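A.B. asks: You'll find run35.cif just under this line, and it carries mmCIF, C-alpha atoms and all ligand atoms.
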```cif
data_my_file
loop_
_atom_site.label_atom_id
_atom_site.label_comp_id
_atom_site.auth_asym_id
_atom_site.auth_seq_id
_atom_site.Cartn_x
_atom_site.Cartn_y
_atom_site.Cartn_z
CA MET A 604 106.89 139.88 91.14
CA ALA A 605 104.28 139.78 93.80
CA GLN A 606 100.81 138.71 92.88
CA LEU A 607 97.55 139.68 94.38
CA ALA A 608 96.50 137.11 96.91
CA ARG A 609 93.65 134.85 95.95
CA ALA A 610 90.48 136.50 97.06
CA PHE A 611 89.12 135.07 100.22
CA THR A 612 87.00 131.94 100.27
CA CYS A 613 84.82 131.12 103.20
CA ASP A 614 85.03 128.38 105.74
CA LYS A 615 83.32 128.35 109.06
CA ASN A 616 84.97 130.32 111.81
CA GLU A 617 85.67 127.50 114.18
CA GLU A 618 86.78 125.09 111.50
CA ARG A 619 89.49 127.52 110.55
CA LEU A 620 90.77 127.97 114.02
CA LEU A 621 90.80 124.27 114.69
CA THR A 622 92.07 122.81 111.48
CA MET A 623 94.31 125.27 109.77
CA SER A 624 97.95 125.81 110.24
CA TYR A 625 97.91 129.40 111.35
CA PRO A 626 101.24 131.11 110.94
CA ARG A 627 101.72 134.34 112.74
CA VAL A 628 101.17 137.24 110.44
CA ILE A 629 100.87 140.92 111.03
CA GLY A 630 97.98 142.86 109.52
CA LEU A 631 99.39 146.08 108.11
CA ASP A 632 96.90 148.62 106.80
CA ILE A 633 98.72 151.47 105.09
CA GLY A 634 96.15 154.24 104.90
CA THR A 635 96.46 157.70 103.43
CA ARG A 636 96.45 159.29 106.87
CA VAL A 637 97.11 156.50 109.33
CA VAL A 638 99.14 153.28 109.29
CA LYS A 639 97.56 150.57 111.42
CA LEU A 640 99.08 147.35 112.66
CA VAL A 641 97.26 144.44 114.30
CA GLU A 642 98.55 141.07 115.42
CA VAL A 643 96.52 138.28 116.96
CA HIS A 644 97.62 134.86 118.09
CA ARG A 645 95.83 131.67 118.92
CA SER A 646 95.89 130.38 122.43
CA ARG A 647 93.84 127.34 123.44
CA LYS A 648 91.52 127.66 120.45
CA GLN A 649 90.83 131.27 121.26
CA LEU A 650 92.13 134.31 119.51
CA GLN A 651 94.09 136.74 121.60
CA LEU A 652 95.15 140.20 120.73
CA SER A 653 98.94 140.54 120.64
CA TYR A 654 99.23 144.07 119.36
CA VAL A 655 97.19 146.94 118.04
CA GLY A 656 98.70 150.26 117.12
CA CYS A 657 98.47 153.14 114.73
CA CYS A 658 100.76 155.88 113.50
CA PRO A 659 99.52 159.03 111.75
CA LEU A 660 101.22 160.00 108.50
CA PRO A 661 102.20 163.57 107.68
CA TYR A 662 100.23 165.28 104.94
CA GLY A 663 101.51 164.38 101.47
CA VAL A 664 103.20 161.04 102.26
CA ILE A 665 100.50 159.20 100.28
CA VAL A 666 98.50 161.05 97.64
CA GLU A 667 95.68 159.29 95.82
CA LYS A 668 97.10 156.05 97.22
CA GLU A 669 100.46 156.62 95.51
CA ILE A 670 103.43 156.62 97.88
CA GLN A 671 105.08 160.04 97.52
CA GLN A 672 107.44 160.00 100.48
CA PRO A 673 108.67 156.44 101.04
CA GLU A 674 111.08 157.36 103.86
CA GLU A 675 108.32 158.91 105.97
CA LEU A 676 106.13 155.90 105.38
CA ALA A 677 108.97 153.50 106.17
CA ASN A 678 109.58 155.32 109.47
CA ALA A 679 105.91 154.98 110.43
CA VAL A 680 105.77 151.27 109.56
CA MET A 681 109.03 150.56 111.37
CA SER A 682 108.06 152.44 114.50
CA LEU A 683 104.83 150.43 114.72
CA TYR A 684 106.60 147.17 113.99
CA ARG A 685 109.26 147.78 116.66
CA ASN A 686 106.57 148.75 119.11
CA SER A 687 104.69 145.54 118.44
CA LYS A 688 107.75 143.44 119.46
CA SER A 689 106.39 140.89 117.04
CA LYS A 690 108.27 137.64 116.56
CA THR A 691 107.26 137.32 112.94
CA THR A 692 108.23 139.29 109.89
CA ASN A 693 105.27 137.97 107.85
CA VAL A 694 103.03 140.81 106.81
CA CYS A 695 99.62 140.91 105.16
CA LEU A 696 98.91 144.24 103.57
CA SER A 697 96.18 145.55 101.33
CA VAL A 698 95.66 147.97 98.49
CA ALA A 699 92.69 149.94 97.20
CA GLY A 700 91.72 152.70 94.85
CA LYS A 701 91.69 153.40 91.16
CA SER A 702 94.60 151.12 90.27
CA ILE A 703 92.56 148.17 91.47
CA ILE A 704 89.75 146.84 89.28
CA THR A 705 87.15 144.52 90.74
CA LYS A 706 84.40 143.13 88.52
CA GLN A 707 81.84 140.40 88.76
CA ILE A 708 81.51 138.52 85.45
CA SER A 709 79.60 135.48 84.15
CA LEU A 710 81.63 132.71 82.52
CA ASN A 711 80.95 129.17 81.32
CA SER A 712 81.09 126.89 84.33
CA MET A 713 84.50 125.34 84.91
CA SER A 714 86.77 124.29 87.74
CA ASP A 715 89.07 126.55 89.68
CA GLN A 716 92.09 124.91 88.02
CA GLU A 717 90.65 125.34 84.51
CA LEU A 718 89.91 128.98 85.12
CA GLU A 719 93.39 129.50 86.50
CA LYS A 720 94.75 128.63 83.05
CA LEU A 721 92.20 130.73 81.16
CA ILE A 722 91.84 133.72 83.42
CA ALA A 723 94.10 136.07 81.46
CA ILE A 724 92.07 135.52 78.26
CA GLU A 725 88.69 135.66 79.98
CA ALA A 726 89.58 138.78 81.93
CA GLU A 727 91.06 140.81 79.10
CA PRO A 728 87.82 142.46 77.88
CA TYR A 729 87.12 143.74 81.38
CA ILE A 730 90.49 145.23 82.25
CA PRO A 731 91.15 148.80 81.06
CA PHE A 732 94.95 148.37 81.26
CA PRO A 733 97.38 146.34 79.11
CA MET A 734 97.28 142.80 80.47
CA GLU A 735 101.06 142.68 80.91
CA ASP A 736 100.79 145.61 83.34
CA VAL A 737 98.43 143.91 85.79
CA ASN A 738 98.35 141.14 88.35
CA LEU A 739 95.15 139.17 88.13
CA ASP A 740 93.18 137.25 90.65
CA PHE A 741 89.72 135.70 90.79
CA VAL A 742 87.31 133.81 92.96
CA ILE A 743 84.42 131.66 91.73
CA LEU A 744 81.31 132.85 93.54
CA GLY A 745 78.95 130.07 92.40
CA ASP A 746 76.43 129.23 89.67
CA SER A 747 74.79 132.13 87.83
CA PRO A 748 71.24 132.36 89.13
CA ASP A 749 69.67 133.22 85.75
CA ARG A 750 71.95 131.37 83.29
CA PRO A 751 72.24 127.60 83.51
CA GLY A 752 75.77 126.39 82.70
CA PHE A 753 77.34 129.70 83.74
CA MET A 754 79.08 130.73 86.90
CA GLU A 755 79.71 134.07 88.59
CA VAL A 756 83.34 135.05 88.98
CA LEU A 757 84.83 137.91 90.91
CA LEU A 758 87.79 139.36 89.06
CA VAL A 759 90.45 141.43 90.75
CA ALA A 760 93.21 143.16 88.82
CA ALA A 761 95.87 145.43 90.22
CA LYS A 762 98.39 147.49 88.29
CA LYS A 763 101.81 145.97 88.90
CA ASP A 764 103.63 149.25 89.36
CA PHE A 765 101.06 150.36 91.91
CA LEU A 766 101.29 147.11 93.82
CA SER A 767 105.06 147.02 93.77
CA GLN A 768 105.35 150.40 95.55
CA TYR A 769 103.77 148.82 98.62
CA VAL A 770 105.48 145.44 98.32
CA ASP A 771 108.90 147.03 97.75
CA LEU A 772 108.51 149.36 100.69
CA VAL A 773 107.62 146.54 103.05
CA THR A 774 110.38 144.32 101.68
CA SER A 775 112.94 147.10 102.09
CA LEU A 776 112.21 146.99 105.82
CA ASN A 777 113.13 143.29 105.95
CA LEU A 778 109.48 142.37 106.39
CA THR A 779 107.95 139.65 104.21
CA PRO A 780 104.73 140.53 102.43
CA VAL A 781 103.07 137.10 102.38
CA VAL A 782 99.70 138.38 101.20
CA VAL A 783 98.58 141.46 99.34
CA ASP A 784 94.85 141.80 99.78
CA VAL A 785 92.30 144.40 98.73
CA ASP A 786 90.75 146.62 101.42
CA CYS A 787 87.21 145.46 100.64
CA TYR A 788 88.10 141.78 101.01
CA ALA A 789 90.00 142.37 104.22
CA LEU A 790 86.72 143.81 105.51
CA GLU A 791 84.97 140.61 104.50
CA VAL A 792 87.51 138.52 106.43
CA MET A 793 87.05 140.76 109.46
CA PHE A 794 83.28 140.41 109.26
CA GLU A 795 83.38 136.66 108.90
CA TYR A 796 85.37 136.25 112.08
CA CYS A 797 83.76 138.97 114.11
CA TYR A 798 80.09 138.55 113.23
CA PRO A 799 79.54 134.84 112.52
CA ASP A 800 76.02 135.21 113.95
CA ILE A 801 74.97 137.50 111.07
CA GLU A 802 76.29 135.30 108.31
CA ASP A 803 72.98 134.74 106.48
CA GLU A 804 71.94 138.36 106.07
CA THR A 805 72.70 140.74 103.24
CA VAL A 806 74.93 143.33 104.87
CA ALA A 807 76.72 146.39 103.60
CA LEU A 808 80.22 146.84 105.01
CA ILE A 809 81.21 150.47 104.62
CA ASN A 810 84.71 151.61 105.59
CA VAL A 811 85.12 155.38 105.52
CA GLY A 812 88.81 156.24 105.29
CA ALA A 813 90.52 159.54 104.61
CA SER A 814 90.60 159.43 100.81
CA LEU A 815 88.42 156.42 100.01
CA THR A 816 85.27 154.76 101.15
CA ASN A 817 85.35 150.98 100.64
CA ILE A 818 82.01 149.25 100.20
CA ASN A 819 81.53 145.50 100.24
CA ILE A 820 77.99 144.09 100.18
CA LEU A 821 77.89 140.51 101.38
CA THR A 822 75.14 138.03 100.73
CA ALA A 823 75.24 134.89 102.84
CA GLY A 824 78.71 135.83 104.03
CA LYS A 825 80.27 136.27 100.58
CA SER A 826 81.22 139.39 98.67
CA HIS A 827 78.54 140.18 96.15
CA PHE A 828 79.44 143.72 95.21
CA VAL A 829 82.52 145.79 95.95
CA ARG A 830 83.29 149.38 95.18
CA ASP A 831 85.70 152.08 96.33
CA LEU A 832 84.24 155.59 96.28
CA PRO A 833 86.81 158.41 96.03
CA LEU A 834 85.35 160.07 99.12
CA GLY A 835 86.40 160.17 102.75
CA GLY A 836 87.30 162.24 105.77
CA ASP A 837 89.84 164.35 103.86
CA LEU A 838 87.01 166.13 102.05
CA VAL A 839 85.79 167.51 105.35
CA THR A 840 89.30 168.41 106.51
CA ARG A 841 89.98 170.29 103.28
CA ASP A 842 86.65 172.07 103.52
CA ILE A 843 87.54 173.19 107.06
CA MET A 844 90.99 174.36 105.86
CA ARG A 845 89.40 176.48 103.14
CA PHE A 846 86.47 177.82 105.08
CA PHE A 847 88.31 178.71 108.30
CA ASN A 848 91.71 179.39 106.75
CA VAL A 849 93.60 176.94 108.95
CA ASP A 850 96.31 174.37 108.20
CA PHE A 851 95.76 170.65 107.81
CA ILE A 852 96.58 169.68 111.40
CA GLN A 853 94.40 172.41 112.83
CA ALA A 854 91.57 171.36 110.51
CA GLU A 855 91.89 167.72 111.63
CA ASN A 856 91.72 168.79 115.26
CA ILE A 857 88.72 171.03 114.63
CA LYS A 858 86.94 168.17 112.88
CA ARG A 859 87.45 165.99 115.95
CA GLY A 860 85.99 168.62 118.27
CA ALA A 861 88.93 170.84 119.26
CA ARG A 862 87.93 174.42 119.95
CA LEU A 863 89.78 177.19 118.17
CA GLY A 864 89.08 180.79 119.12
CA ASN A 865 87.66 182.18 115.91
CA ILE A 866 85.69 179.13 114.75
CA SER A 867 81.95 179.51 114.92
CA PRO A 868 80.37 176.24 116.12
CA THR A 869 77.31 176.99 113.98
CA ASN A 870 79.40 177.41 110.83
CA LEU A 871 81.38 174.29 111.65
CA LYS A 872 78.23 172.27 112.20
CA SER A 873 76.71 173.35 108.91
CA LEU A 874 79.98 172.56 107.09
CA ILE A 875 80.08 169.07 108.60
CA ASP A 876 76.36 168.52 107.96
CA ARG A 877 76.84 169.45 104.32
CA ASN A 878 79.65 166.93 103.92
CA VAL A 879 77.77 164.21 105.77
CA GLU A 880 74.73 164.72 103.54
CA MET A 881 76.88 164.49 100.42
CA LEU A 882 78.63 161.33 101.62
CA VAL A 883 75.39 159.70 102.68
CA ALA A 884 73.75 160.58 99.33
CA GLU A 885 76.60 158.80 97.49
CA LEU A 886 76.38 155.78 99.77
CA LYS A 887 72.63 155.62 99.31
CA LYS A 888 73.04 155.77 95.54
CA THR A 889 75.48 152.86 95.68
CA LEU A 890 73.17 150.77 97.86
CA GLU A 891 70.28 151.50 95.48
CA PHE A 892 72.44 150.53 92.51
CA PHE A 893 73.12 147.21 94.21
CA SER A 894 69.44 146.62 94.97
CA ILE A 895 68.20 147.51 91.50
CA ASN A 896 70.95 146.30 89.17
CA ILE A 897 72.86 143.60 90.99
CA ALA A 898 70.81 141.66 93.47
CA ARG A 899 67.16 142.65 93.38
CA LYS A 900 67.31 142.80 97.15
CA SER A 901 68.46 145.39 99.63
CA PRO A 902 70.99 145.10 102.43
CA GLN A 903 69.35 144.51 105.79
CA SER A 904 71.95 146.34 107.81
CA ILE A 905 75.06 148.47 107.54
CA PHE A 906 78.34 147.90 109.38
CA LEU A 907 80.33 151.08 109.48
CA SER A 908 84.09 151.24 110.01
CA GLY A 909 87.17 153.35 109.22
CA GLY A 910 88.41 156.43 111.00
CA GLY A 911 85.95 158.56 109.01
CA ALA A 912 83.03 156.59 110.46
CA SER A 913 83.41 158.75 113.60
CA LEU A 914 82.54 161.90 111.67
CA TYR A 915 79.90 163.71 113.65
CA GLY A 916 76.39 162.80 112.48
CA LEU A 917 77.44 160.27 109.83
CA SER A 918 76.09 157.14 111.46
CA ASN A 919 72.75 158.71 112.43
CA THR A 920 72.20 160.35 109.05
CA LEU A 921 73.03 157.11 107.26
CA GLU A 922 70.51 155.29 109.41
CA THR A 923 67.80 157.90 108.82
CA GLU A 924 68.37 158.22 105.09
CA THR A 925 68.61 154.51 104.31
CA GLY A 926 66.12 153.28 106.89
CA LEU A 927 68.63 150.54 107.77
CA PRO A 928 70.16 149.84 111.17
CA VAL A 929 73.77 151.04 111.26
CA PHE A 930 76.28 149.32 113.55
CA MET A 931 79.75 150.53 114.35
CA VAL A 932 82.21 147.71 113.70
CA ASP A 933 83.99 146.27 116.72
CA PRO A 934 86.71 143.99 115.34
CA PHE A 935 87.84 142.99 118.82
CA ARG A 936 84.48 141.74 120.06
CA LEU A 937 85.37 138.04 119.90
CA VAL A 938 89.07 138.39 120.61
CA SER A 939 90.34 138.25 124.15
CA ALA A 940 92.63 141.07 125.14
CA ASP A 941 94.82 141.15 128.23
CA THR A 942 93.52 144.06 130.28
CA LYS A 943 97.03 144.71 131.62
CA GLN A 944 98.20 145.36 128.09
CA PHE A 945 95.12 146.85 126.41
CA ASP A 946 92.86 149.54 127.74
CA SER A 947 89.29 148.60 126.82
CA ASP A 948 88.31 152.24 126.19
CA TYR A 949 91.22 152.55 123.77
CA LEU A 950 90.10 149.42 121.92
CA THR A 951 86.56 150.76 121.70
CA ILE A 952 87.75 154.07 120.29
CA VAL A 953 90.20 152.69 117.74
CA GLY A 954 88.15 149.58 116.92
CA PRO A 955 86.29 150.87 113.83
CA SER A 956 89.50 152.21 112.27
CA MET A 957 91.21 148.82 112.82
CA ALA A 958 88.66 146.80 110.83
CA ILE A 959 90.89 146.33 107.77
CA ALA A 960 94.10 145.73 109.73
CA PHE A 961 92.26 143.15 111.80
CA GLY A 962 90.95 141.40 108.66
CA LEU A 963 94.50 141.34 107.30
CA SER A 964 95.84 139.87 110.50
CA MET A 965 93.46 136.92 110.05
CA ARG A 966 94.81 135.79 106.70
CA HIS A 967 96.58 132.47 106.55
CA GLU A 968 99.41 130.82 104.74
CA ARG A 969 97.43 129.55 101.74
CA ASP A 970 97.57 133.03 100.27
CA LYS A 971 101.34 133.33 100.13
CA LEU A 972 102.75 135.45 97.36
CA GLU A 973 104.55 133.71 94.57
N1 LIG A 1001 86.85 161.43 115.78
C1 LIG A 1001 86.88 161.67 114.47
N2 LIG A 1001 85.96 162.49 113.91
C2 LIG A 1001 85.98 162.72 112.58
N3 LIG A 1001 86.85 162.19 111.73
C3 LIG A 1001 87.78 161.37 112.24
C4 LIG A 1001 87.85 161.06 113.62
N4 LIG A 1001 88.88 160.22 113.81
C5 LIG A 1001 89.43 160.01 112.60
N5 LIG A 1001 88.77 160.70 111.66
C6 LIG A 1001 89.07 160.76 110.23
O1 LIG A 1001 89.28 159.47 109.72
C7 LIG A 1001 90.15 159.54 108.59
C8 LIG A 1001 91.22 158.51 108.75
O2 LIG A 1001 90.59 157.27 108.75
P1 LIG A 1001 91.38 155.97 108.31
O3 LIG A 1001 92.54 155.79 109.20
O4 LIG A 1001 90.39 154.86 108.23
O5 LIG A 1001 91.85 156.41 106.87
P2 LIG A 1001 93.09 155.88 106.04
O6 LIG A 1001 93.09 154.40 106.11
O7 LIG A 1001 94.33 156.55 106.50
O8 LIG A 1001 92.72 156.42 104.62
P3 LIG A 1001 92.40 155.65 103.23
O9 LIG A 1001 91.88 154.29 103.58
O10 LIG A 1001 91.35 156.50 102.59
O11 LIG A 1001 93.67 155.62 102.50
C9 LIG A 1001 90.72 160.94 108.56
O12 LIG A 1001 90.04 161.69 107.55
C10 LIG A 1001 90.39 161.47 109.94
O13 LIG A 1001 90.20 162.85 109.96
MG MG A 1002 92.08 152.92 104.99
#
```
Transcribe the structure of this file into structure tokens.
Ligand SMILES: Nc1ncnc2c1ncn2[C@@H]1O[C@H](COP(=O)(O)OP(=O)(O)OP(=O)(O)O)[C@@H](O)[C@H]1O
Ligand SMILES: [Mg+2]

C.D. replies:
Amino acid sequence: MAQLARAFTCDKNEERLLTMSYPRVIGLDIGTRVVKLVEVHRSRKQLQLSYVGCCPLPYGVIVEKEIQQPEELANAVMSLYRNSKSKTTNVCLSVAGKSIITKQISLNSMSDQELEKLIAIEAEPYIPFPMEDVNLDFVILGDSPDRPGFMEVLLVAAKKDFLSQYVDLVTSLNLTPVVVDVDCYALEVMFEYCYPDIEDETVALINVGASLTNINILTAGKSHFVRDLPLGGDLVTRDIMRFFNVDFIQAENIKRGARLGNISPTNLKSLIDRNVEMLVAELKKTLEFFSINIARKSPQSIFLSGGGASLYGLSNTLETETGLPVFMVDPFRLVSADTKQFDSDYLTIVGPSMAIAFGLSMRHERDKLE
């Protein structure tokens, strides 16, 4: 049975590229609406983009992160994989949502090896599922600031049956799932490689997908607080379907600016504004929760990613409401891309939605599944 990969631990960017064996892996982000695939390779100490692609999924293939139509999903993954002409079958994928529990807990200080043996016992009080039904993982964050002799540990638990849907699907395609990550931590990996200059700040990484919004607040480059909110671009699409009596595909197109005869731009704008305000209010609440209850400090900036980050007005409203600078993530900023193969406008447009797939493509062999 596959296990969750060990959560990511930080080394310096360059050290990794220079010292680590770096097997080729493909970053495969299976989203509710879009499957994304990214592959990078190392060439003379520099990272180069080998492939970036995405394939939309029909409505209903994944519902609340559960795979409902495995054949459709398999077709999408395979068409991307074939397109990539990749030489490796090693895949890093990630999971998210309500079947994944992440919690920061304080434990008596001990070594990584000691905790490895004790983790099932220590974690039990925090996991709302029978222990035999979950895969567990942890990372030691460091000493507890207020409790001498204690350390802070990030716990990650995933329901086995949930995890195995994804692992089995990928395996059935003769691909090898070497790492199963969590969306929020893939974002952290992406950020570490792409923004090494901002390592010391407290930053909020916010990835707005279709059904979920992943939040990871980093302090000094490490995850300090992670949360998935059950909100995303689908809420707007469904609102458009209801309000204008159109189907899902039409609603998606309208959301992205397509004109349809009987749609009033004023009504559409107020519908989108309403959704943006609701989403921003939830994000603000989460950031305030972090500042008041977790860290006693606020993030200094927000890095926005995910397909839903392009929702009209979201970035500006988030900036106004939080008073924080909001940057759109560009995962390809430090990666060289052959201009004959990759159109730079295309990379700019798809960049934010590739943040997780890019983070997954940067994983290395240490995290192999057992
Ligand atoms: N230009 C755009 N304007 C508004 N929304 C957009 C735009 N482009 C994409 N989206 C929205 O982004 C969402 C898809 O984003 P993404 O691919 O990150 O989600 P996902 O990974 O499939 O979903 P999840 O992570 O929630 O399972 C959809 O709701 C889509 O409508
Ligand atoms: Mg996603």

A.B. asks: Per residue of chain A within 10 Å of ligand MG 1002 (chain A), record the nearest atom pair and its distance in Å to one decimal, counting all atoms listed in the file, with rows in chain order and ascending residue number, as a tab-separated table.

C.D. replies:
```
residue	atom	partner	partner_atom	distance
A:Asp632	CA	A:MG1002	MG	6.7
A:Ile633	CA	A:MG1002	MG	6.8
A:Gly634	CA	A:MG1002	MG	4.3
A:Thr635	CA	A:MG1002	MG	6.7
A:Arg636	CA	A:MG1002	MG	8.0
A:Val637	CA	A:MG1002	MG	7.5
A:Val638	CA	A:MG1002	MG	8.3
A:Lys639	CA	A:MG1002	MG	8.8
A:Lys668	CA	A:MG1002	MG	9.8
A:Ser697	CA	A:MG1002	MG	9.2
A:Val698	CA	A:MG1002	MG	8.9
A:Ala699	CA	A:MG1002	MG	8.4
A:Asp786	CA	A:MG1002	MG	7.4
A:Cys787	CA	A:MG1002	MG	9.9
A:Asn810	CA	A:MG1002	MG	7.5
A:Val811	CA	A:MG1002	MG	7.4
A:Gly812	CA	A:MG1002	MG	4.7
A:Ala813	CA	A:MG1002	MG	6.8
A:Ser814	CA	A:MG1002	MG	7.9
A:Leu815	CA	A:MG1002	MG	7.1
A:Thr816	CA	A:MG1002	MG	8.0
A:Asn817	CA	A:MG1002	MG	8.2
A:Gly835	CA	A:MG1002	MG	9.5
A:Ser908	CA	A:MG1002	MG	9.6
A:Gly909	CA	A:MG1002	MG	6.5
A:Gly910	CA	A:MG1002	MG	7.9
A:Gly911	CA	A:MG1002	MG	9.2
A:Ser956	CA	A:MG1002	MG	7.8
A:Met957	CA	A:MG1002	MG	8.9
A:Ala958	CA	A:MG1002	MG	9.1
A:Ile959	CA	A:MG1002	MG	7.3
A:Ala960	CA	A:MG1002	MG	8.8
```

A.B. asks: What is the distance between atom CA of A:Ala861 and atom CA of A:Leu886, in Å to one decimal?

C.D. replies: 27.6 Å

A.B. asks: Return the single residue from A:Ala723, A:Ile708, A:Val694, A:Leu907 that is closest to A:Leu778, with distances computed using all atoms listed in the file.

C.D. replies: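 Between A:Ala723, A:Ile708, A:Val694, A:Leu907, the residue approaching A:Leu778 most closely is A:Val694.
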
A.B. asks: Nearest residue to A:Asn870 out of A:Asn819, A:Ser747, A:Phe846, A:Asp831, using only C-alpha atoms?

C.D. replies: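 The closest residue to A:Asn870 is A:Phe846.
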
A.B. asks: Separation of atom CA of A:Asn738 and atom CA of A:Glu885, in Å?

C.D. replies: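 Interatomic distance, atom CA of A:Asn738 to atom CA of A:Glu885: 29.5 Å.
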
A.B. asks: Which neighbours of A:Asp933 fall inside 7 Å, counting all atoms listed in the file, when residues of the same chain fewer than 2 positions from it are skipped, and could you give them as a compact mmCIF listing (two decimals) with C-alpha atoms, keeping the file's coordinate frame?

C.D. replies:
```txt
# COMPACT_ATOMS: atom_id res chain seq x y z
CA MET A 931 79.75 150.53 114.35
CA PHE A 935 87.84 142.99 118.82
CA ARG A 936 84.48 141.74 120.06
CA GLY A 954 88.15 149.58 116.92
CA PRO A 955 86.29 150.87 113.83
```
